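Colleague: Below is the file upload.tsv, with TSV, C-alpha atoms.
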chain	number	residue	atom	x	y	z
M	1	MET	CA	36.38	-32.68	42.86
M	2	MET	CA	33.61	-32.17	45.41
M	3	LYS	CA	34.57	-28.52	45.76
M	4	THR	CA	34.35	-27.99	41.96
M	5	LEU	CA	30.96	-29.69	41.79
M	6	PHE	CA	29.70	-27.50	44.64
M	7	ILE	CA	30.91	-24.31	42.91
M	8	LEU	CA	29.33	-25.34	39.58
M	9	THR	CA	26.02	-26.15	41.28
M	10	LEU	CA	26.06	-22.85	43.14
M	11	ALA	CA	26.84	-20.93	39.92
M	12	PHE	CA	24.01	-22.73	38.11
M	13	LEU	CA	21.54	-21.85	40.87
M	14	VAL	CA	22.58	-18.18	40.84
M	15	ILE	CA	22.27	-17.92	37.05
M	16	SER	CA	18.93	-19.73	36.91
M	17	SER	CA	17.49	-17.53	39.65
M	18	CYS	CA	18.44	-14.45	37.61
M	19	ASN	CA	16.40	-15.74	34.66
M	20	ARG	CA	13.12	-16.05	36.55
M	21	SER	CA	10.21	-14.01	35.33
M	22	ASP	CA	9.76	-12.39	38.75
M	23	GLY	CA	10.46	-8.74	37.97
M	24	ASN	CA	11.83	-9.55	34.54
M	25	LEU	CA	10.61	-6.89	32.11
M	26	TYR	CA	10.81	-9.16	29.07
M	27	ASN	CA	8.33	-11.72	30.34
M	28	SER	CA	5.84	-9.39	31.99
M	29	PRO	CA	2.44	-9.20	30.33
M	30	ARG	CA	1.95	-6.19	28.10
M	31	SER	CA	-0.67	-3.59	28.80
M	32	ASP	CA	-3.43	-2.83	26.33
M	33	GLU	CA	-1.69	0.41	25.39
M	34	GLU	CA	1.58	-1.43	24.63
M	35	LEU	CA	-0.25	-3.99	22.49
M	36	LYS	CA	-2.04	-1.20	20.62
M	37	MET	CA	1.25	0.58	19.92
M	38	THR	CA	2.85	-2.67	18.72
M	39	LEU	CA	-0.04	-3.35	16.33
M	40	GLU	CA	0.01	0.21	15.02
M	41	GLU	CA	3.77	0.09	14.40
M	42	ARG	CA	3.43	-3.22	12.57
M	43	GLU	CA	0.63	-1.84	10.37
M	44	GLN	CA	2.54	1.37	9.65
M	45	ASN	CA	5.57	-0.60	8.47
M	46	SER	CA	3.65	-2.70	5.92
M	47	PRO	CA	1.11	-0.58	4.00
M	48	LEU	CA	0.99	-2.97	1.02
M	49	LYS	CA	-0.47	-5.66	3.28
M	50	TYR	CA	-3.43	-3.45	4.24
M	51	LEU	CA	-4.13	-1.31	1.14
M	52	SER	CA	-6.10	-2.87	-1.70
M	53	GLY	CA	-7.95	-1.56	-4.68
M	54	GLY	CA	-11.39	-2.58	-5.74
M	55	GLU	CA	-12.70	-2.10	-9.23
M	56	LEU	CA	-10.99	0.91	-10.79
M	57	SER	CA	-12.43	2.18	-14.06
M	58	MET	CA	-10.90	4.17	-16.90
M	59	GLN	CA	-12.78	6.78	-18.92
M	60	GLN	CA	-10.85	7.73	-22.06
M	61	HIS	CA	-11.07	11.29	-23.38
M	62	GLN	CA	-10.89	12.55	-26.94
M	63	LYS	CA	-10.50	16.04	-28.27
M	64	LYS	CA	-11.64	17.34	-31.62
M	65	VAL	CA	-8.75	18.33	-33.87
M	66	ARG	CA	-10.72	19.07	-37.04
M	67	ASN	CA	-14.34	19.99	-37.59
M	68	GLY	CA	-16.47	17.96	-39.92
M	69	GLY	CA	-17.51	19.42	-43.23
M	70	VAL	CA	-19.63	18.52	-46.19
M	71	PHE	CA	-17.19	15.93	-47.52
M	72	ARG	CA	-15.39	14.81	-44.38
M	73	GLN	CA	-16.12	13.73	-40.83
M	74	ALA	CA	-14.75	15.43	-37.75
M	75	GLU	CA	-11.38	14.13	-36.57
M	76	TYR	CA	-10.53	13.31	-32.98
M	77	GLU	CA	-7.39	12.27	-31.13
M	78	ASN	CA	-6.79	10.72	-27.74
M	79	ASP	CA	-6.61	13.21	-24.89
M	80	GLY	CA	-5.69	11.00	-21.95
M	81	ALA	CA	-8.04	9.31	-19.53
M	82	THR	CA	-9.43	9.52	-16.02
M	83	ILE	CA	-9.10	6.58	-13.63
M	84	SER	CA	-11.45	6.42	-10.67
M	85	GLY	CA	-12.49	3.93	-8.02
M	86	ARG	CA	-12.04	3.02	-4.37
M	87	ILE	CA	-9.01	2.01	-2.33
M	88	LYS	CA	-9.62	0.09	0.91
M	89	ASN	CA	-7.45	0.35	4.01
M	90	SER	CA	-8.03	-2.85	6.02
M	91	ALA	CA	-5.65	-1.82	8.82
M	92	THR	CA	-7.10	-1.55	12.31
M	93	LEU	CA	-5.17	1.49	13.56
M	94	ALA	CA	-2.80	2.83	10.88
M	95	THR	CA	-3.70	5.72	8.59
M	96	TYR	CA	-1.81	5.98	5.30
M	97	LYS	CA	-1.27	8.85	2.89
M	98	ASP	CA	0.37	9.56	-0.48
M	99	LEU	CA	-0.49	6.32	-2.28
M	100	ASN	CA	1.91	5.24	-5.05
M	101	ILE	CA	0.10	3.53	-7.92
M	102	THR	CA	1.40	2.26	-11.27
M	103	ILE	CA	-0.81	1.90	-14.35
M	104	SER	CA	0.29	-0.67	-16.98
M	105	PHE	CA	-1.04	-0.49	-20.55
M	106	MET	CA	-1.16	-3.73	-22.55
M	107	SER	CA	-1.65	-4.37	-26.27
M	108	GLY	CA	-3.99	-6.95	-27.79
M	109	THR	CA	-1.12	-9.48	-27.67
M	110	ASN	CA	-0.47	-8.76	-23.97
M	111	THR	CA	2.70	-6.80	-24.70
M	112	LEU	CA	3.50	-4.08	-22.20
M	113	LEU	CA	3.18	-0.77	-24.04
M	114	ASP	CA	3.77	1.70	-21.23
M	115	GLU	CA	3.78	2.09	-17.47
M	116	GLN	CA	3.00	5.32	-15.67
M	117	SER	CA	3.33	5.95	-11.94
M	118	PHE	CA	1.27	8.41	-9.93
M	119	VAL	CA	1.04	9.61	-6.34
M	120	ILE	CA	-2.46	10.07	-4.91
M	121	TYR	CA	-2.27	12.75	-2.21
M	122	GLU	CA	-5.12	11.55	0.00
M	123	TYR	CA	-5.50	10.11	3.50
M	124	PHE	CA	-6.59	6.47	3.76
M	125	GLN	CA	-8.27	6.01	7.14
M	126	PRO	CA	-8.22	2.60	8.90
M	127	GLY	CA	-11.13	0.32	8.04
M	128	GLU	CA	-12.49	2.66	5.34
M	129	GLU	CA	-12.65	2.93	1.56
M	130	THR	CA	-11.44	6.14	-0.05
M	131	TYR	CA	-12.63	7.31	-3.46
M	132	ILE	CA	-9.80	8.30	-5.79
M	133	SER	CA	-9.82	9.92	-9.21
M	134	PHE	CA	-6.84	11.07	-11.26
M	135	ARG	CA	-6.11	12.04	-14.84
M	136	ILE	CA	-3.63	10.28	-17.09
M	137	PRO	CA	-2.24	12.68	-19.70
M	138	HIS	CA	-1.37	10.06	-22.33
M	139	VAL	CA	-2.82	6.64	-23.13
M	140	PRO	CA	-1.11	4.57	-25.87
M	141	SER	CA	-3.34	4.27	-28.92
M	142	ALA	CA	-2.65	0.50	-29.23
M	143	MET	CA	-3.87	-0.17	-25.67
M	144	LYS	CA	-6.50	-2.90	-25.36
M	145	THR	CA	-6.31	-3.65	-21.62
M	146	TRP	CA	-4.78	-2.07	-18.57
M	147	SER	CA	-3.98	-3.00	-14.99
M	148	TYR	CA	-2.78	-1.29	-11.86
M	149	SER	CA	-0.61	-2.07	-8.88
M	150	ILE	CA	-0.32	-0.34	-5.53
M	151	ASP	CA	3.38	0.19	-4.93
M	152	GLY	CA	3.37	1.80	-1.50
M	153	ALA	CA	2.14	4.54	0.79
M	154	SER	CA	3.45	6.60	3.67
M	155	PRO	CA	2.18	6.13	7.21
M	156	SER	CA	0.48	9.18	8.66
M	157	TYR	CA	1.66	10.01	12.16
M	158	ASP	CA	-0.97	12.70	12.80
Spit out the file's structure as structure tokens when you get a sec.
Modeller:
Amino acid sequence: MMKTLFILTLAFLVISSCNRSDGNLYNSPRSDEELKMTLEEREQNSPLKYLSGGELSMQQHQKKVRNGGVFRQAEYENDGATISGRIKNSATLATYKDLNITISFMSGTNTLLDEQSFVIYEYFQPGEETYISFRIPHVPSAMKTWSYSIDGASPSYD
């Protein structure tokens, strides 16, 4: 019995001495460079957390399809729209590119009429706002309101 207790105590001491932080790589303090790399990797893996849009505006376009005359007015039809505004990257180190954005068109009764997705081929630098502008080829004629959502972006490893 005494021999077994001695062996168990000795085994416990050997195992516990192996778990000390002396020379253990897992418990050593990280250098500034390691912390910076960890933060950058975390930011690169979650672009939706750091990309946000401010106030985007839509300018609808019309094209003339028939000239006005003496007894009639000129006729116009919808010719798409341009959406413009700023996207902010609140990340500290990560740069993003190729922003995926979805535009949702709603009717007067808040019914979803259409959704269109676009890719904005720009770089979004850390801590900066980037101006974007893109053309939408078709806007539903029954649209009363619209909204947007940022669906993703790719990290830039440059």
Colleague: Stretch 129-133 of chain M: which residues within 12 Å, counting only C-alpha atoms, same-chain residues fewer than 5 positions away excluded, as a PDB file with C-alpha atoms, keeping the file's coordinate frame?
Modeller:
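Saved file around.pdb follows:
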ATOM      1  CA  TYR M  50      -3.430  -3.450   4.240  1.00  0.00           C
ATOM      2  CA  LEU M  51      -4.130  -1.310   1.140  1.00  0.00           C
ATOM      3  CA  SER M  52      -6.100  -2.870  -1.700  1.00  0.00           C
ATOM      4  CA  GLY M  53      -7.950  -1.560  -4.680  1.00  0.00           C
ATOM      5  CA  GLY M  54     -11.390  -2.580  -5.740  1.00  0.00           C
ATOM      6  CA  GLU M  55     -12.700  -2.100  -9.230  1.00  0.00           C
ATOM      7  CA  LEU M  56     -10.990   0.910 -10.790  1.00  0.00           C
ATOM      8  CA  SER M  57     -12.430   2.180 -14.060  1.00  0.00           C
ATOM      9  CA  MET M  58     -10.900   4.170 -16.900  1.00  0.00           C
ATOM     10  CA  GLN M  59     -12.780   6.780 -18.920  1.00  0.00           C
ATOM     11  CA  ALA M  81      -8.040   9.310 -19.530  1.00  0.00           C
ATOM     12  CA  THR M  82      -9.430   9.520 -16.020  1.00  0.00           C
ATOM     13  CA  ILE M  83      -9.100   6.580 -13.630  1.00  0.00           C
ATOM     14  CA  SER M  84     -11.450   6.420 -10.670  1.00  0.00           C
ATOM     15  CA  GLY M  85     -12.490   3.930  -8.020  1.00  0.00           C
ATOM     16  CA  ARG M  86     -12.040   3.020  -4.370  1.00  0.00           C
ATOM     17  CA  ILE M  87      -9.010   2.010  -2.330  1.00  0.00           C
ATOM     18  CA  LYS M  88      -9.620   0.090   0.910  1.00  0.00           C
ATOM     19  CA  ASN M  89      -7.450   0.350   4.010  1.00  0.00           C
ATOM     20  CA  SER M  90      -8.030  -2.850   6.020  1.00  0.00           C
ATOM     21  CA  ALA M  91      -5.650  -1.820   8.820  1.00  0.00           C
ATOM     22  CA  THR M  95      -3.700   5.720   8.590  1.00  0.00           C
ATOM     23  CA  TYR M  96      -1.810   5.980   5.300  1.00  0.00           C
ATOM     24  CA  LYS M  97      -1.270   8.850   2.890  1.00  0.00           C
ATOM     25  CA  ASP M  98       0.370   9.560  -0.480  1.00  0.00           C
ATOM     26  CA  LEU M  99      -0.490   6.320  -2.280  1.00  0.00           C
ATOM     27  CA  ILE M 101       0.100   3.530  -7.920  1.00  0.00           C
ATOM     28  CA  PHE M 118       1.270   8.410  -9.930  1.00  0.00           C
ATOM     29  CA  VAL M 119       1.040   9.610  -6.340  1.00  0.00           C
ATOM     30  CA  ILE M 120      -2.460  10.070  -4.910  1.00  0.00           C
ATOM     31  CA  TYR M 121      -2.270  12.750  -2.210  1.00  0.00           C
ATOM     32  CA  GLU M 122      -5.120  11.550   0.000  1.00  0.00           C
ATOM     33  CA  TYR M 123      -5.500  10.110   3.500  1.00  0.00           C
ATOM     34  CA  PHE M 124      -6.590   6.470   3.760  1.00  0.00           C
TER      35      PHE M 124
END
Colleague: Please indicate the distance in Å from atom CA of M:Leu112 to atom CA of M:Gly80, rounded to one decimal place.
Modeller: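 Separation of atom CA of M:Leu112 and atom CA of M:Gly80: 17.7 Å.
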Colleague: Using all atoms listed in the file, find the one residue out of M:Gln73, M:Gln62, M:Ser147, M:Thr92 that sits nearest to M:Ser104.
Modeller: M:Ser147
Colleague: When you draw a straight line from atom CA of M:Gln44 to atom CA of M:Trp146, how long is it in Å?
Modeller: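 A separation of 29.4 Å between them.
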Colleague: Quick check, in Å to one decimal: how far apart do atom CA of M:His61 and atom CA of M:Asp79 lie?
Modeller: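 Distance between the two atoms: 5.1 Å.
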Colleague: For M:Glu40, which residue out of M:Glu128, M:His138, M:Ala94, M:Gln116 is the nearest one, using only C-alpha atoms?
Modeller: M:Ala94
Colleague: If we count all atoms listed in the file and set the cut-off at 10 Å, which residues sit around M:Val65, ignoring sequence neighbours fewer than 4 positions away in its own chain? Please answer as JSON, numbers by chain.
Modeller: {"M": [74, 75, 76, 77, 78]}
Colleague: Between M:Gly68, M:Pro137, M:Gly108, M:Pro126, which is the closest to M:Glu43 once you count only C-alpha atoms?
Modeller: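 The answer is M:Pro126, which sits nearest to M:Glu43.
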